[in-house]
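Next comes structure.tsv, a file with TSV, C-alpha atoms.
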chain	number	residue	atom	x	y	z
A	5	MET	CA	43.69	-25.31	-4.72
A	6	LEU	CA	45.69	-27.51	-2.36
A	7	LEU	CA	42.55	-29.39	-1.29
A	8	VAL	CA	41.61	-30.03	-4.93
A	9	TRP	CA	45.12	-31.29	-5.66
A	10	LEU	CA	45.20	-33.58	-2.60
A	11	TYR	CA	41.76	-34.99	-3.34
A	12	GLY	CA	42.84	-35.55	-6.95
A	13	VAL	CA	45.87	-37.50	-5.78
A	14	MET	CA	43.65	-39.58	-3.49
A	15	VAL	CA	41.27	-40.29	-6.38
A	16	VAL	CA	44.11	-41.63	-8.51
A	17	GLY	CA	45.58	-43.63	-5.62
A	18	ALA	CA	42.35	-45.18	-4.37
A	19	VAL	CA	40.75	-45.87	-7.76
A	20	SER	CA	43.89	-47.34	-9.35
A	21	ARG	CA	44.68	-49.46	-6.31
A	22	SER	CA	41.16	-50.83	-6.00
A	23	ALA	CA	40.82	-51.42	-9.75
A	24	VAL	CA	43.97	-53.54	-9.84
A	25	GLN	CA	43.04	-55.40	-6.67
A	26	ILE	CA	39.47	-56.06	-7.81
A	27	ALA	CA	40.65	-57.23	-11.22
A	28	THR	CA	43.42	-59.50	-9.96
A	29	GLU	CA	42.60	-60.75	-6.46
A	30	PHE	CA	39.04	-59.81	-5.52
A	31	ASP	CA	38.39	-63.17	-3.83
A	32	LYS	CA	41.24	-62.50	-1.34
A	33	ALA	CA	39.57	-59.50	0.37
A	34	PRO	CA	36.34	-58.41	-1.35
A	35	LEU	CA	35.22	-56.12	1.48
A	36	ALA	CA	38.54	-54.28	1.67
A	37	TYR	CA	38.83	-53.81	-2.08
A	38	SER	CA	35.20	-52.71	-2.42
A	39	LEU	CA	35.64	-50.15	0.38
A	40	SER	CA	38.74	-48.79	-1.37
A	41	ALA	CA	36.70	-48.40	-4.56
A	42	VAL	CA	33.96	-46.58	-2.63
A	43	ALA	CA	36.62	-44.31	-1.10
A	44	GLY	CA	37.89	-43.51	-4.60
A	45	LEU	CA	34.38	-42.61	-5.77
A	46	VAL	CA	33.83	-40.38	-2.74
A	47	TYR	CA	37.17	-38.66	-3.37
A	48	GLY	CA	36.19	-38.17	-7.01
A	49	PHE	CA	32.86	-36.59	-6.15
A	50	ILE	CA	34.45	-34.27	-3.60
A	51	THR	CA	37.11	-33.24	-6.12
A	52	TYR	CA	34.43	-32.53	-8.70
A	53	SER	CA	32.40	-30.50	-6.19
A	54	LEU	CA	35.41	-28.44	-5.15
A	55	VAL	CA	36.32	-27.70	-8.76
A	56	ARG	CA	32.74	-26.89	-9.77
A	57	GLY	CA	32.27	-24.32	-7.03
A	58	GLY	CA	29.06	-22.56	-6.10
A	59	GLU	CA	26.84	-22.89	-3.07
A	60	ARG	CA	25.14	-26.13	-4.13
A	61	ALA	CA	28.49	-27.82	-4.86
A	62	ARG	CA	29.88	-26.54	-1.55
A	63	ARG	CA	26.96	-28.08	0.35
A	64	ALA	CA	27.38	-31.37	-1.53
A	65	ALA	CA	31.10	-31.37	-0.72
A	66	LEU	CA	30.30	-30.70	2.96
A	67	VAL	CA	27.97	-33.69	3.10
A	68	CYS	CA	30.46	-35.92	1.29
A	69	CYS	CA	33.37	-34.82	3.49
A	70	ALA	CA	31.31	-35.59	6.59
A	71	ALA	CA	30.44	-39.01	5.15
A	72	GLU	CA	34.09	-39.55	4.25
A	73	LEU	CA	35.20	-38.71	7.79
A	74	ALA	CA	32.56	-41.06	9.22
A	75	GLY	CA	33.76	-43.80	6.86
A	76	VAL	CA	37.39	-43.31	7.84
A	77	LEU	CA	36.53	-43.41	11.54
A	78	ILE	CA	34.24	-46.44	11.22
A	79	VAL	CA	36.54	-48.47	8.96
A	80	GLY	CA	39.64	-47.37	10.89
A	81	THR	CA	38.13	-48.51	14.17
A	82	TRP	CA	36.78	-51.71	12.59
A	83	THR	CA	40.21	-52.65	11.21
A	84	LEU	CA	41.76	-52.19	14.64
A	85	ALA	CA	38.96	-53.97	16.54
A	86	ASP	CA	38.60	-56.94	14.15
A	87	PRO	CA	41.68	-57.27	11.91
A	88	SER	CA	40.50	-60.68	10.67
A	89	ALA	CA	37.62	-58.96	8.82
A	90	PHE	CA	40.20	-57.30	6.57
A	91	PRO	CA	42.75	-59.76	5.15
A	92	ASP	CA	44.18	-56.83	3.18
A	93	ALA	CA	44.18	-53.10	3.87
A	94	THR	CA	41.73	-50.53	2.55
A	95	VAL	CA	42.45	-46.87	1.92
A	96	TRP	CA	40.78	-46.15	5.27
A	97	SER	CA	42.41	-48.99	7.28
A	98	ASP	CA	44.00	-47.88	10.53
A	99	TYR	CA	42.65	-44.38	9.84
A	100	GLY	CA	44.62	-44.15	6.61
A	101	MET	CA	48.01	-45.06	8.05
A	102	GLY	CA	49.09	-46.55	4.69
A	103	TYR	CA	48.42	-43.14	3.13
A	104	LEU	CA	50.25	-41.14	5.85
A	105	PHE	CA	46.93	-40.49	7.66
A	106	ILE	CA	45.83	-38.21	4.83
A	107	PRO	CA	42.41	-39.98	4.68
A	108	VAL	CA	41.58	-38.82	8.22
A	109	LEU	CA	43.20	-35.38	8.01
A	110	LEU	CA	41.84	-34.41	4.59
A	111	PRO	CA	38.11	-34.42	5.43
A	112	ILE	CA	38.71	-32.55	8.69
A	113	THR	CA	40.64	-29.88	6.81
A	114	ALA	CA	38.06	-29.76	4.01
A	115	LEU	CA	35.15	-29.46	6.45
A	116	PHE	CA	36.88	-26.61	8.23
A	117	TRP	CA	37.66	-24.84	4.94
A	118	LEU	CA	34.18	-25.38	3.48
A	119	ARG	CA	32.44	-24.14	6.64
A	120	ARG	CA	34.75	-21.14	6.88
A	121	GLY	CA	34.11	-20.35	3.21
A	122	ARG	CA	30.38	-20.22	3.88
A	123	THR	CA	30.73	-17.61	6.60
A	124	ALA	CA	33.13	-15.50	4.51
A	125	VAL	CA	30.64	-15.12	1.65
A	126	PRO	CA	28.11	-12.30	2.16
Please lay out the structure from this file as structure tokens.
Amino acid sequence: MLLVWLYGVMVVGAVSRSAVQIATEFDKAPLAYSLSAVAGLVYGFITYSLVRGGERARRAALVCCAAELAGVLIVGTWTLADPSAFPDATVWSDYGMGYLFIPVLLPITALFWLRRGRTAVP
């Protein structure tokens, strides 16, 4: 339940932030704002998969959590290596520092929980 709640909070945060930024100042940092919107969509799909339950949804959530973690690591490294590419922060900038590092910790926790859940089911 905690994972669902945290992913739900991240959906609201990422989608609302990116929607306002895209609507009001998209020309300032289109890459950053688009990546935040993508993060929100990924969070939404993972939340849906966790709520839906079942083996197929669990596998979809595993794939999405792995993709999310890859995105956080790639974008986090990119923002540190080339800060000029991101005139404004994304949800995944600096490995999610603006979100208390939840964007990097959440997929790791979810992957662990989803993999453990698979082995616990007969």
Subject >> Residue among A:Val19, A:Thr51, A:Leu35, A:Pro111 lying closest to Ser97 of chain A, counting all atoms listed in the file >> reply: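 Smallest separation from Ser97 of chain A among the options: A:Leu35.
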**OP:** For atom CA of Arg120 of chain A and atom CA of Arg63 of chain A, quote the distance in Å rounded to one decimal.
**Re:**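 Computed distance, atom CA of Arg120 of chain A to atom CA of Arg63 of chain A, equals 12.3 Å.
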**OP:** Mind giving me the straight-line distance from atom CA of Val108 of chain A to atom CA of Leu7 of chain A in Å, one decimal?
**Re:**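 That distance, rounded to one decimal, is 13.4 Å.
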Subject >> Among the residues A:Ala43, A:Val13, A:Ala36, A:Leu54, the one that comes closest to Ala114 of chain A [using all atoms listed in the file] >> reply: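 Selected residue with least distance to Ala114 of chain A: A:Leu54.
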Subject >> Straight-line distance linking atom CA of Arg62 of chain A with atom CA of Arg119 of chain A, stated in Å to one decimal >> reply: 8.9 Å
Subject >> Minimum-distance residue to Ala74 of chain A, chosen among A:Gly44, A:Gly57, A:Pro107, A:Pro87 (using only C-alpha atoms) >> reply: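 Ranked by minimum distance to Ala74 of chain A, first place goes to A:Pro107.
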Subject >> Distance query segment 100-102 of chain A at most 10 Å, only C-alpha atoms, self and fewer than 6 positions along chain excluded, as a VMD selection string >> reply: chain A and resid 76 to 77 79 to 80 93 to 94 108 to 109
Mind writing the picked residues with C-alpha atoms as a tab-separated table (two decimals), in the coordinates of the input?
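Contents of the output file out36.tsv:
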chain	number	residue	atom	x	y	z
A	76	VAL	CA	37.39	-43.31	7.84
A	77	LEU	CA	36.53	-43.41	11.54
A	79	VAL	CA	36.54	-48.47	8.96
A	80	GLY	CA	39.64	-47.37	10.89
A	93	ALA	CA	44.18	-53.10	3.87
A	94	THR	CA	41.73	-50.53	2.55
A	108	VAL	CA	41.58	-38.82	8.22
A	109	LEU	CA	43.20	-35.38	8.01
**OP:** Mind listing whatever residues come within 8 Å of the point (37.5, -48.4, -0.3)? Use all atoms listed in the file, file coordinates, and give them as number ranges by chain.
**Re:** A: 18, 22, 36-44, 94-96
Original post:
Got a sec to check which residues sit within 10 Å of (32.7, -25.8, 3.6), counting only C-alpha atoms, and write them as a list in words?
Top reply: Leu54, Glu59, Ala61, Arg62, Arg63, Ala64, Ala65, Leu66, Val67, Cys69, Thr113, Ala114, Leu115, Phe116, Trp117, Leu118, Arg119, Arg120, Gly121, Arg122 and Thr123 of chain A
Original post:
For Cys68 of chain A, which residue among A:Leu10, A:Leu45, A:Ala85, A:Val55 is the nearest when counting only C-alpha atoms?
Top reply: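 The shortest atom-to-atom distance to Cys68 of chain A comes from A:Leu45.
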**OP:** Considering all atoms listed in the file, state which residue in the set A:Ile112, A:Ala89, A:Ala33, A:Val24 is at the smallest distance from Ala70 of chain A.
**Re:** A:Ile112
**OP:** Considering all atoms listed in the file, state which residue in the set A:Asp92, A:Asp31, A:Glu72, A:Asp86 is at the smallest distance from Tyr47 of chain A.
**Re:**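 Comparing A:Asp92, A:Asp31, A:Glu72, A:Asp86 against Tyr47 of chain A, the winner is A:Glu72.
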Could you write segment 32-45 of chain A of the block just shown to a file containing N, CA, C and O atoms, as a CSV table (one decimal), in the first residue's frame?
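The new file selection-v1.csv reads:
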chain,number,residue,atom,x,y,z
A,32,LYS,N,11.3,27.9,-22.3
A,32,LYS,CA,12.4,28.1,-21.4
A,32,LYS,C,13.2,26.8,-21.3
A,32,LYS,O,14.5,26.8,-21.3
A,33,ALA,N,12.6,25.6,-21.2
A,33,ALA,CA,13.3,24.4,-21.0
A,33,ALA,C,12.5,23.2,-21.5
A,33,ALA,O,12.0,22.4,-20.7
A,34,PRO,N,12.3,23.1,-22.8
A,34,PRO,CA,11.4,22.1,-23.3
A,34,PRO,C,11.8,20.6,-23.0
A,34,PRO,O,10.9,19.8,-22.7
A,35,LEU,N,13.1,20.4,-23.0
A,35,LEU,CA,13.5,19.0,-22.7
A,35,LEU,C,13.2,18.7,-21.2
A,35,LEU,O,12.7,17.6,-21.0
A,36,ALA,N,13.5,19.6,-20.3
A,36,ALA,CA,13.3,19.3,-18.9
A,36,ALA,C,11.8,19.1,-18.6
A,36,ALA,O,11.4,18.2,-17.9
A,37,TYR,N,11.0,19.9,-19.2
A,37,TYR,CA,9.5,19.9,-18.9
A,37,TYR,C,8.9,18.6,-19.6
A,37,TYR,O,8.0,18.0,-19.0
A,38,SER,N,9.4,18.3,-20.7
A,38,SER,CA,8.9,17.0,-21.4
A,38,SER,C,9.3,15.8,-20.6
A,38,SER,O,8.5,14.9,-20.5
A,39,LEU,N,10.6,15.8,-20.1
A,39,LEU,CA,11.0,14.6,-19.3
A,39,LEU,C,10.2,14.5,-18.0
A,39,LEU,O,9.9,13.4,-17.6
A,40,SER,N,9.8,15.6,-17.4
A,40,SER,CA,9.0,15.6,-16.2
A,40,SER,C,7.6,15.0,-16.5
A,40,SER,O,7.0,14.3,-15.7
A,41,ALA,N,7.1,15.4,-17.7
A,41,ALA,CA,5.8,14.8,-18.1
A,41,ALA,C,5.9,13.3,-18.4
A,41,ALA,O,5.0,12.6,-18.0
A,42,VAL,N,7.0,12.9,-19.0
A,42,VAL,CA,7.2,11.4,-19.2
A,42,VAL,C,7.3,10.7,-17.8
A,42,VAL,O,6.7,9.7,-17.7
A,43,ALA,N,8.0,11.3,-16.9
A,43,ALA,CA,8.1,10.7,-15.6
A,43,ALA,C,6.8,10.6,-14.9
A,43,ALA,O,6.4,9.6,-14.3
A,44,GLY,N,5.9,11.6,-15.1
A,44,GLY,CA,4.6,11.5,-14.5
A,44,GLY,C,3.7,10.4,-15.1
A,44,GLY,O,3.0,9.7,-14.5
A,45,LEU,N,3.9,10.2,-16.5
A,45,LEU,CA,3.2,9.1,-17.1
A,45,LEU,C,3.7,7.8,-16.7
A,45,LEU,O,2.9,6.8,-16.4
